[in-house]
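**Student:** Sharing input.cif below, mmCIF, C-alpha atoms (C1' of nucleotides):
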```
data_query
#
loop_
_atom_site.label_atom_id
_atom_site.label_comp_id
_atom_site.auth_asym_id
_atom_site.auth_seq_id
_atom_site.Cartn_x
_atom_site.Cartn_y
_atom_site.Cartn_z
CA MET S 1 0.00 0.00 0.00
CA ASN S 2 1.27 3.40 -0.87
CA CYS S 3 -1.35 5.88 0.21
CA PRO S 4 -0.56 9.56 -0.28
CA ALA S 5 -0.67 11.60 2.88
CA ALA S 6 -4.07 13.01 3.73
CA SER S 7 -5.06 15.55 6.36
CA PRO S 8 -8.17 15.37 8.53
CA VAL S 9 -11.49 16.00 6.83
CA ILE S 10 -13.03 19.47 7.20
CA GLU S 11 -16.28 19.28 9.14
CA PRO S 12 -19.36 21.51 8.70
CA GLU S 13 -18.72 23.23 12.05
CA TRP S 14 -15.38 24.52 10.79
CA LEU S 15 -17.21 26.04 7.81
CA SER S 16 -19.93 27.60 10.00
CA ARG S 17 -18.28 31.02 10.03
CA PRO S 18 -18.62 34.12 7.84
CA ALA S 19 -17.35 33.54 4.32
CA PRO S 20 -14.62 36.22 4.57
CA GLU S 21 -13.15 34.22 7.47
CA VAL S 22 -13.44 30.83 5.83
CA ALA S 23 -12.18 31.84 2.38
CA PRO S 24 -8.56 32.58 3.38
CA ASP S 25 -8.50 29.52 5.64
CA LEU S 26 -9.51 27.30 2.72
CA VAL S 27 -6.45 28.31 0.69
CA GLY S 28 -3.96 25.47 1.02
CA CYS S 29 -6.65 22.95 1.89
CA THR S 30 -7.49 20.09 -0.46
CA LEU S 31 -10.66 19.60 -2.48
CA VAL S 32 -11.31 15.94 -3.22
CA ARG S 33 -13.56 14.89 -6.11
CA GLN S 34 -14.86 11.31 -6.28
CA PHE S 35 -16.27 10.35 -9.67
CA ALA S 36 -19.17 7.98 -10.21
CA ASP S 37 -16.73 5.17 -11.03
CA GLY S 38 -15.01 5.61 -7.68
CA ASN S 39 -11.90 7.29 -9.01
CA VAL S 40 -10.67 10.16 -6.88
CA LEU S 41 -9.04 13.39 -8.02
CA ARG S 42 -7.58 15.82 -5.51
CA GLY S 43 -6.22 19.32 -5.78
CA VAL S 44 -4.90 21.96 -3.42
CA ILE S 45 -7.09 25.07 -3.29
CA VAL S 46 -4.91 27.99 -4.38
CA GLU S 47 -7.51 30.75 -4.92
CA THR S 48 -10.84 31.61 -3.28
CA GLU S 49 -13.40 34.42 -3.13
CA ALA S 50 -15.91 35.22 -0.38
CA TYR S 51 -19.56 36.18 -0.87
CA ALA S 52 -21.57 37.31 2.14
CA PRO S 53 -24.81 39.04 3.20
CA GLY S 54 -25.10 42.67 2.10
CA ASP S 55 -22.68 42.06 -0.77
CA PRO S 56 -24.13 43.42 -4.04
CA ALA S 57 -22.01 40.98 -6.05
CA PHE S 58 -23.59 37.99 -4.33
CA HIS S 59 -26.35 36.02 -6.08
CA ALA S 60 -28.27 36.06 -2.80
CA TYR S 61 -28.16 39.86 -2.50
CA ARG S 62 -31.82 40.12 -3.49
CA GLY S 63 -32.96 37.16 -1.44
CA ARG S 64 -33.74 33.52 -1.98
CA SER S 65 -34.39 32.14 -5.47
CA PRO S 66 -34.64 28.75 -7.18
CA ARG S 67 -30.98 29.08 -8.14
CA ASN S 68 -29.41 30.26 -4.89
CA TRP S 69 -31.51 28.61 -2.15
CA ILE S 70 -28.71 26.29 -1.05
CA VAL S 71 -26.50 29.15 0.18
CA PHE S 72 -29.12 29.80 2.87
CA GLU S 73 -28.74 26.24 4.18
CA GLN S 74 -26.26 24.68 6.57
CA ALA S 75 -22.52 25.03 5.97
CA GLY S 76 -20.82 22.19 4.14
CA HIS S 77 -22.94 21.99 1.00
CA ALA S 78 -21.89 22.63 -2.60
CA TYR S 79 -23.39 25.58 -4.50
CA VAL S 80 -22.97 25.08 -8.25
CA TYR S 81 -24.33 27.43 -10.89
CA LEU S 82 -24.08 27.99 -14.64
CA ILE S 83 -22.38 31.14 -15.86
CA TYR S 84 -22.26 32.65 -19.35
CA GLY S 85 -24.33 29.76 -20.61
CA MET S 86 -21.36 27.41 -20.78
CA TYR S 87 -19.31 27.27 -17.62
CA HIS S 88 -20.03 26.13 -14.09
CA CYS S 89 -18.74 27.57 -10.82
CA PHE S 90 -18.23 25.60 -7.60
CA ASN S 91 -18.79 27.18 -4.18
CA VAL S 92 -18.67 25.94 -0.59
CA VAL S 93 -21.63 27.05 1.53
CA THR S 94 -20.52 28.56 4.83
CA ASP S 95 -21.94 30.22 7.97
CA ARG S 96 -25.12 29.37 9.86
CA THR S 97 -28.45 28.29 8.43
CA GLY S 98 -30.40 31.32 7.24
CA ILE S 99 -27.29 33.45 6.67
CA PRO S 100 -26.47 33.33 2.94
CA SER S 101 -22.72 32.85 2.55
CA ALA S 102 -20.45 31.05 0.12
CA VAL S 103 -16.82 30.71 -0.90
CA LEU S 104 -16.10 30.42 -4.63
CA ILE S 105 -13.26 27.99 -5.34
CA ARG S 106 -11.41 29.73 -8.19
CA ALA S 107 -8.38 27.54 -8.76
CA LEU S 108 -6.81 24.23 -7.80
CA GLN S 109 -3.32 22.85 -8.05
CA LEU S 110 -3.94 19.27 -9.17
CA GLU S 111 -1.77 16.55 -7.73
CA THR S 112 -2.29 14.05 -10.55
CA PRO S 113 -3.51 14.32 -14.15
CA PRO S 114 -7.29 14.32 -14.50
CA PRO S 115 -8.98 11.32 -16.12
CA GLY S 116 -9.45 11.33 -19.87
CA ILE S 117 -7.35 14.40 -20.50
CA ASP S 118 -4.11 14.15 -22.44
CA LEU S 119 -1.89 17.07 -21.66
CA PRO S 120 1.74 18.04 -21.61
CA PRO S 121 2.86 17.41 -18.02
CA ALA S 122 4.16 20.97 -17.89
CA GLN S 123 0.59 22.23 -18.35
CA LEU S 124 -0.89 20.29 -15.44
CA HIS S 125 -0.89 23.35 -13.24
CA ARG S 126 -3.06 25.33 -15.67
CA VAL S 127 -5.97 22.94 -16.23
CA ALA S 128 -7.79 23.96 -13.05
CA ALA S 129 -6.69 27.62 -13.01
CA GLY S 130 -10.02 29.46 -13.04
CA PRO S 131 -13.49 28.59 -11.75
CA GLY S 132 -14.86 27.46 -15.12
CA LYS S 133 -11.82 25.37 -16.01
CA LEU S 134 -11.84 23.84 -12.54
CA CYS S 135 -15.41 22.62 -13.01
CA ARG S 136 -14.65 21.31 -16.48
CA VAL S 137 -11.75 19.20 -15.32
CA LEU S 138 -13.57 17.93 -12.22
CA GLN S 139 -16.68 17.24 -14.35
CA ILE S 140 -18.85 19.41 -12.14
CA ASP S 141 -22.31 20.43 -13.38
CA LEU S 142 -25.71 21.41 -12.00
CA THR S 143 -26.38 17.86 -10.79
CA ASP S 144 -23.71 18.54 -8.17
CA ASN S 145 -25.58 21.50 -6.68
CA ALA S 146 -26.59 21.05 -3.03
CA GLN S 147 -24.39 17.98 -2.55
CA VAL S 148 -23.17 17.44 1.01
CA LEU S 149 -19.39 17.71 1.30
CA GLN S 150 -18.42 14.53 3.12
CA PRO S 151 -16.06 11.58 2.64
CA GLY S 152 -17.49 8.95 0.35
CA GLY S 153 -19.67 11.51 -1.40
CA ARG S 154 -18.90 13.33 -4.63
CA PHE S 155 -16.77 15.94 -2.81
CA TRP S 156 -15.08 16.57 0.47
CA LEU S 157 -12.49 18.92 1.91
CA GLU S 158 -9.32 18.19 3.87
CA HIS S 159 -7.30 20.49 6.11
CA ARG S 160 -3.88 21.79 5.12
CA LEU S 161 -0.98 19.40 5.13
CA PRO S 162 1.54 20.20 7.91
CA ALA S 163 4.04 21.64 5.44
CA MET S 164 1.43 23.99 3.99
CA GLN S 165 0.26 25.03 7.46
CA GLU S 166 3.84 25.82 8.49
CA LEU S 167 4.48 27.78 5.31
CA LEU S 168 1.45 30.00 5.82
CA GLU S 169 2.14 30.47 9.52
CA GLN S 170 5.79 31.40 9.01
CA GLN S 171 5.28 33.28 5.75
CA PRO S 172 1.80 34.80 6.04
CA LEU S 173 2.50 37.08 3.09
CA HIS S 174 2.33 34.01 0.87
CA LEU S 175 -1.43 34.31 1.31
CA VAL S 176 -2.31 37.37 -0.76
CA GLN S 177 -5.58 39.27 -0.19
CA THR S 178 -6.96 41.43 -3.00
CA THR S 179 -10.11 42.34 -4.93
CA ARG S 180 -12.42 39.91 -6.69
CA ILE S 181 -12.53 39.25 -10.42
CA GLY S 182 -15.17 39.47 -13.12
CA LEU S 183 -17.63 41.64 -11.20
CA THR S 184 -19.41 44.90 -11.90
CA LYS S 185 -20.61 45.40 -8.32
CA GLY S 186 -18.54 45.15 -5.16
CA VAL S 187 -15.37 45.53 -7.23
CA ASP S 188 -13.44 47.17 -4.39
CA THR S 189 -14.23 44.60 -1.70
CA PRO S 190 -10.96 42.74 -1.02
CA TRP S 191 -12.42 39.30 -0.67
CA ARG S 192 -10.15 37.28 -2.97
CA TRP S 193 -7.24 35.30 -1.60
CA TYR S 194 -4.59 33.34 -3.42
CA LEU S 195 -1.38 31.48 -2.78
CA LYS S 196 1.56 33.59 -3.83
CA GLN S 197 3.94 31.97 -6.31
CA SER S 198 1.45 29.30 -7.22
CA PRO S 199 1.48 28.76 -11.00
CA ALA S 200 -2.10 27.50 -10.76
CA VAL S 201 -3.73 30.79 -9.73
CA SER S 202 -6.21 32.20 -12.26
CA LYS S 203 -4.92 35.78 -12.06
CA PRO S 204 -1.87 36.35 -9.82
"C1'" DT D 205 2.13 41.09 -22.77
"C1'" DT D 206 -2.27 43.23 -22.83
"C1'" DG D 207 -6.97 44.15 -24.36
"C1'" DG D 208 -11.28 43.38 -26.87
"C1'" DC D 209 -14.78 40.26 -28.20
"C1'" DG D 210 -17.85 36.29 -29.26
"C1'" DA D 211 -19.88 31.96 -27.64
"C1'" DT D 212 -24.12 30.50 -25.28
"C1'" DG D 213 -28.25 29.92 -22.19
"C1'" DC D 214 -30.13 30.71 -17.71
"C1'" DT D 215 -31.72 34.30 -14.46
"C1'" DG D 216 -34.86 37.91 -12.22
"C1'" DA A 217 -30.25 42.91 -20.34
"C1'" DG A 218 -26.81 41.06 -17.84
"C1'" DC A 219 -23.82 37.60 -16.21
"C1'" DA A 220 -18.72 35.30 -9.89
"C1'" DT A 221 -15.76 32.86 -17.78
"C1'" DC A 222 -12.68 31.42 -21.27
"C1'" DG A 223 -9.82 31.31 -25.36
"C1'" DC A 224 -8.70 33.48 -29.54
"C1'" DC A 225 -6.72 37.06 -32.08
"C1'" DA A 226 -4.91 41.65 -32.87
"C1'" DA A 227 -2.06 45.30 -31.43
"C1'" DT A 228 1.79 46.64 -28.75
#
```
So, in terms of structure tokens, how does the structure I just supplied come out?

**Tutor:**
Amino acid sequence: MNCPAASPVIEPEWLSRPAPEVAPDLVGCTLVRQFADGNVLRGVIVETEAYAPGDPAFHAYRGRSPRNWIVFEQAGHAYVYLIYGMYHCFNVVTDRTGIPSAVLIRALQLETPPPGIDLPPAQLHRVAAGPGKLCRVLQIDLTDNAQVLQPGGRFWLEHRLPAMQELLEQQPLHLVQTTRIGLTKGVDTPWRWYLKQSPAVSKP
DNA sequence: TTGGCGATGCTG
DNA sequence: AGCATCGCCAAT
């Protein structure tokens, strides 16, 4: 047996905080995707954005709707939506029930090549750089909306590996905070975080 | 290296 | 009408 190291699973309670607190903490953690055939693909989260109550850029800004209802539910669910008619975006629902909050996962650093994709090994770090590309490579679509994030399911989250935790504790400037991308409202709210020097970030 | 634009379909 | 995107192509 030659199992890769894995950190403890992230529980819903850990996610039951405001999105602007959870989003930076999720950088460096691992998102695990289990496909229908049982195969598992994992990637380190290298870029996140927070969306919270009162935020005009948030889908839930004008209240509950058939699309966004899940972000009002308990922390630890997936919120998946279609954007520009052709891409999907994957979010982690955070905070308490009734408080709409979500963290958009914008980029992953994959640890192994994704299934069914031939690519130059040098390009591995680009295939999940961006929220739409991430969902394409993880085969995420609207059927994944409202899934519970838990081991054995389609997705779960794992805490930072010790080396990553040490890096961010000793070099906190490696976690960069800046403004969000692709918005027309809330453009000045600094709720995007990314891992400095990661080649897999969508926009360094 | 940067900037503009079209694809494409759901949302409120 | 607008959109939490992406990749192509032109201009620099």

**Student:** What is the distance, in Å and to one decimal place, between atom CA of S:Ala122 and atom CA of S:Ala200?

**Tutor:**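 Straight-line distance from atom CA of S:Ala122 to atom CA of S:Ala200 works out to 11.5 Å.
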
**Student:** Per residue of chain S within 7 Å of chain A, record the nearest atom pair and its distance in Å to one decimal, counting all atoms listed in the file, with rows in chain order and ascending residue number, as JSON lines.

**Tutor:**
```
{"residue": "S:Ile83", "atom": "CA", "partner": "A:DC219", "partner_atom": "C1'", "distance": 6.6}
{"residue": "S:Tyr84", "atom": "CA", "partner": "A:DC219", "partner_atom": "C1'", "distance": 6.1}
{"residue": "S:Tyr87", "atom": "CA", "partner": "A:DT221", "partner_atom": "C1'", "distance": 6.6}
{"residue": "S:Gly132", "atom": "CA", "partner": "A:DT221", "partner_atom": "C1'", "distance": 6.1}
{"residue": "S:Gly182", "atom": "CA", "partner": "A:DA220", "partner_atom": "C1'", "distance": 6.4}
{"residue": "S:Leu183", "atom": "CA", "partner": "A:DA220", "partner_atom": "C1'", "distance": 6.6}
```

**Student:** Counting all atoms listed in the file, which residues from chain D have an atom at most 10 Å from any atom of chain S, and could you show them as a list in words?

**Tutor:**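 Here is what falls inside 10 Å: DA211, DT212, DG213, DC214, DT215 and DG216 of chain D.
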
**Student:** For the file shown, report as an MDAnalysis selection string the outcome of the PyMOL selection byres ((chain S and resi 6-15) around 7) at residue level.

**Tutor:** chainID S and resid 4:5 16:17 22 75:76 94:95 157:161

**Student:** How many Å lie between atom CA of S:Val201 and atom CA of S:Ala128, rounded to one decimal?

**Tutor:** 8.6 Å

**Student:** Check which residues of stretch 127-203 of chain S sit at most 9 Å from stretch 107-114 of chain S using only C-alpha atoms, and return one row each with the closest pair of atoms and their distance in Å to one decimal, ordered by chain and rising number, as CSV.

**Tutor:**
```
residue,atom,partner,partner_atom,distance
S:Val127,CA,S:Leu110,CA,8.2
S:Ala128,CA,S:Leu108,CA,5.3
S:Ala129,CA,S:Ala107,CA,4.6
S:Gly130,CA,S:Ala107,CA,5.0
S:Pro131,CA,S:Ala107,CA,6.0
S:Lys133,CA,S:Ala107,CA,8.3
S:Leu134,CA,S:Ala107,CA,6.3
S:Val137,CA,S:Pro114,CA,6.7
S:Leu138,CA,S:Pro114,CA,7.6
S:Tyr194,CA,S:Ala107,CA,8.7
S:Ser198,CA,S:Gln109,CA,8.1
S:Pro199,CA,S:Gln109,CA,8.2
S:Ala200,CA,S:Gln109,CA,5.5
S:Val201,CA,S:Ala107,CA,5.8
S:Ser202,CA,S:Ala107,CA,6.2
```

**Student:** Atom CA of S:Leu26 and atom CA of S:Arg64, how far apart in Å?

**Tutor:** 25.5 Å

**Student:** Add whatever atoms are absent from stretch 98-126 of chain S to reach N, CA and C atoms, and provide the output as a short mmCIF file (atom, residue, chain, number, x, y, z; two decimals), keeping the file's coordinate frame.

**Tutor:**
```cif
data_model
loop_
_atom_site.label_atom_id
_atom_site.label_comp_id
_atom_site.auth_asym_id
_atom_site.auth_seq_id
_atom_site.Cartn_x
_atom_site.Cartn_y
_atom_site.Cartn_z
N GLY S 98 -29.66 30.07 7.32
CA GLY S 98 -30.40 31.32 7.24
C GLY S 98 -29.54 32.52 6.92
N ILE S 99 -28.21 32.37 7.01
CA ILE S 99 -27.29 33.45 6.67
C ILE S 99 -26.60 33.10 5.36
N PRO S 100 -27.01 33.72 4.24
CA PRO S 100 -26.47 33.33 2.94
C PRO S 100 -24.99 33.67 2.85
N SER S 101 -24.17 32.68 2.61
CA SER S 101 -22.72 32.85 2.55
C SER S 101 -22.11 31.73 1.72
N ALA S 102 -21.10 32.07 0.94
CA ALA S 102 -20.45 31.05 0.12
C ALA S 102 -19.03 31.48 -0.21
N VAL S 103 -18.19 30.48 -0.45
CA VAL S 103 -16.82 30.71 -0.90
C VAL S 103 -16.67 30.07 -2.28
N LEU S 104 -16.36 30.91 -3.28
CA LEU S 104 -16.10 30.42 -4.63
C LEU S 104 -14.68 29.84 -4.69
N ILE S 105 -14.58 28.61 -5.15
CA ILE S 105 -13.26 27.99 -5.34
C ILE S 105 -12.81 28.34 -6.76
N ARG S 106 -11.80 29.21 -6.88
CA ARG S 106 -11.41 29.73 -8.19
C ARG S 106 -10.30 28.96 -8.88
N ALA S 107 -9.48 28.25 -8.12
CA ALA S 107 -8.38 27.54 -8.76
C ALA S 107 -7.84 26.44 -7.86
N LEU S 108 -7.42 25.36 -8.49
CA LEU S 108 -6.81 24.23 -7.80
C LEU S 108 -5.46 23.94 -8.41
N GLN S 109 -4.57 23.45 -7.57
CA GLN S 109 -3.32 22.85 -8.05
C GLN S 109 -3.53 21.35 -7.98
N LEU S 110 -3.68 20.72 -9.14
CA LEU S 110 -3.94 19.27 -9.17
C LEU S 110 -2.68 18.51 -8.78
N GLU S 111 -2.90 17.38 -8.14
CA GLU S 111 -1.77 16.55 -7.73
C GLU S 111 -1.47 15.47 -8.76
N THR S 112 -2.47 15.07 -9.52
CA THR S 112 -2.29 14.05 -10.55
C THR S 112 -3.09 14.48 -11.79
N PRO S 113 -2.75 13.95 -12.95
CA PRO S 113 -3.51 14.32 -14.15
C PRO S 113 -4.96 13.88 -14.04
N PRO S 114 -5.87 14.69 -14.53
CA PRO S 114 -7.29 14.32 -14.50
C PRO S 114 -7.58 13.20 -15.49
N PRO S 115 -8.65 12.45 -15.24
CA PRO S 115 -8.98 11.32 -16.12
C PRO S 115 -9.41 11.80 -17.50
N GLY S 116 -8.97 11.08 -18.51
CA GLY S 116 -9.45 11.33 -19.87
C GLY S 116 -8.92 12.59 -20.50
N ILE S 117 -7.90 13.18 -19.92
CA ILE S 117 -7.35 14.40 -20.50
C ILE S 117 -5.87 14.20 -20.77
N ASP S 118 -5.52 14.23 -22.05
CA ASP S 118 -4.11 14.15 -22.44
C ASP S 118 -3.54 15.55 -22.42
N LEU S 119 -2.48 15.74 -21.66
CA LEU S 119 -1.89 17.07 -21.66
C LEU S 119 -0.40 16.98 -21.40
N PRO S 120 0.31 17.96 -21.92
CA PRO S 120 1.74 18.04 -21.61
C PRO S 120 1.90 18.18 -20.10
N PRO S 121 2.73 17.36 -19.48
CA PRO S 121 2.86 17.41 -18.02
C PRO S 121 3.15 18.81 -17.51
N ALA S 122 3.83 19.60 -18.32
CA ALA S 122 4.16 20.97 -17.89
C ALA S 122 2.92 21.83 -17.77
N GLN S 123 1.81 21.42 -18.38
CA GLN S 123 0.59 22.23 -18.35
C GLN S 123 -0.37 21.79 -17.25
N LEU S 124 0.02 20.81 -16.46
CA LEU S 124 -0.89 20.29 -15.44
C LEU S 124 -1.38 21.38 -14.52
N HIS S 125 -0.52 22.33 -14.21
CA HIS S 125 -0.89 23.35 -13.24
C HIS S 125 -1.85 24.38 -13.81
N ARG S 126 -2.15 24.32 -15.10
CA ARG S 126 -3.06 25.33 -15.67
C ARG S 126 -4.48 24.80 -15.87
#
```
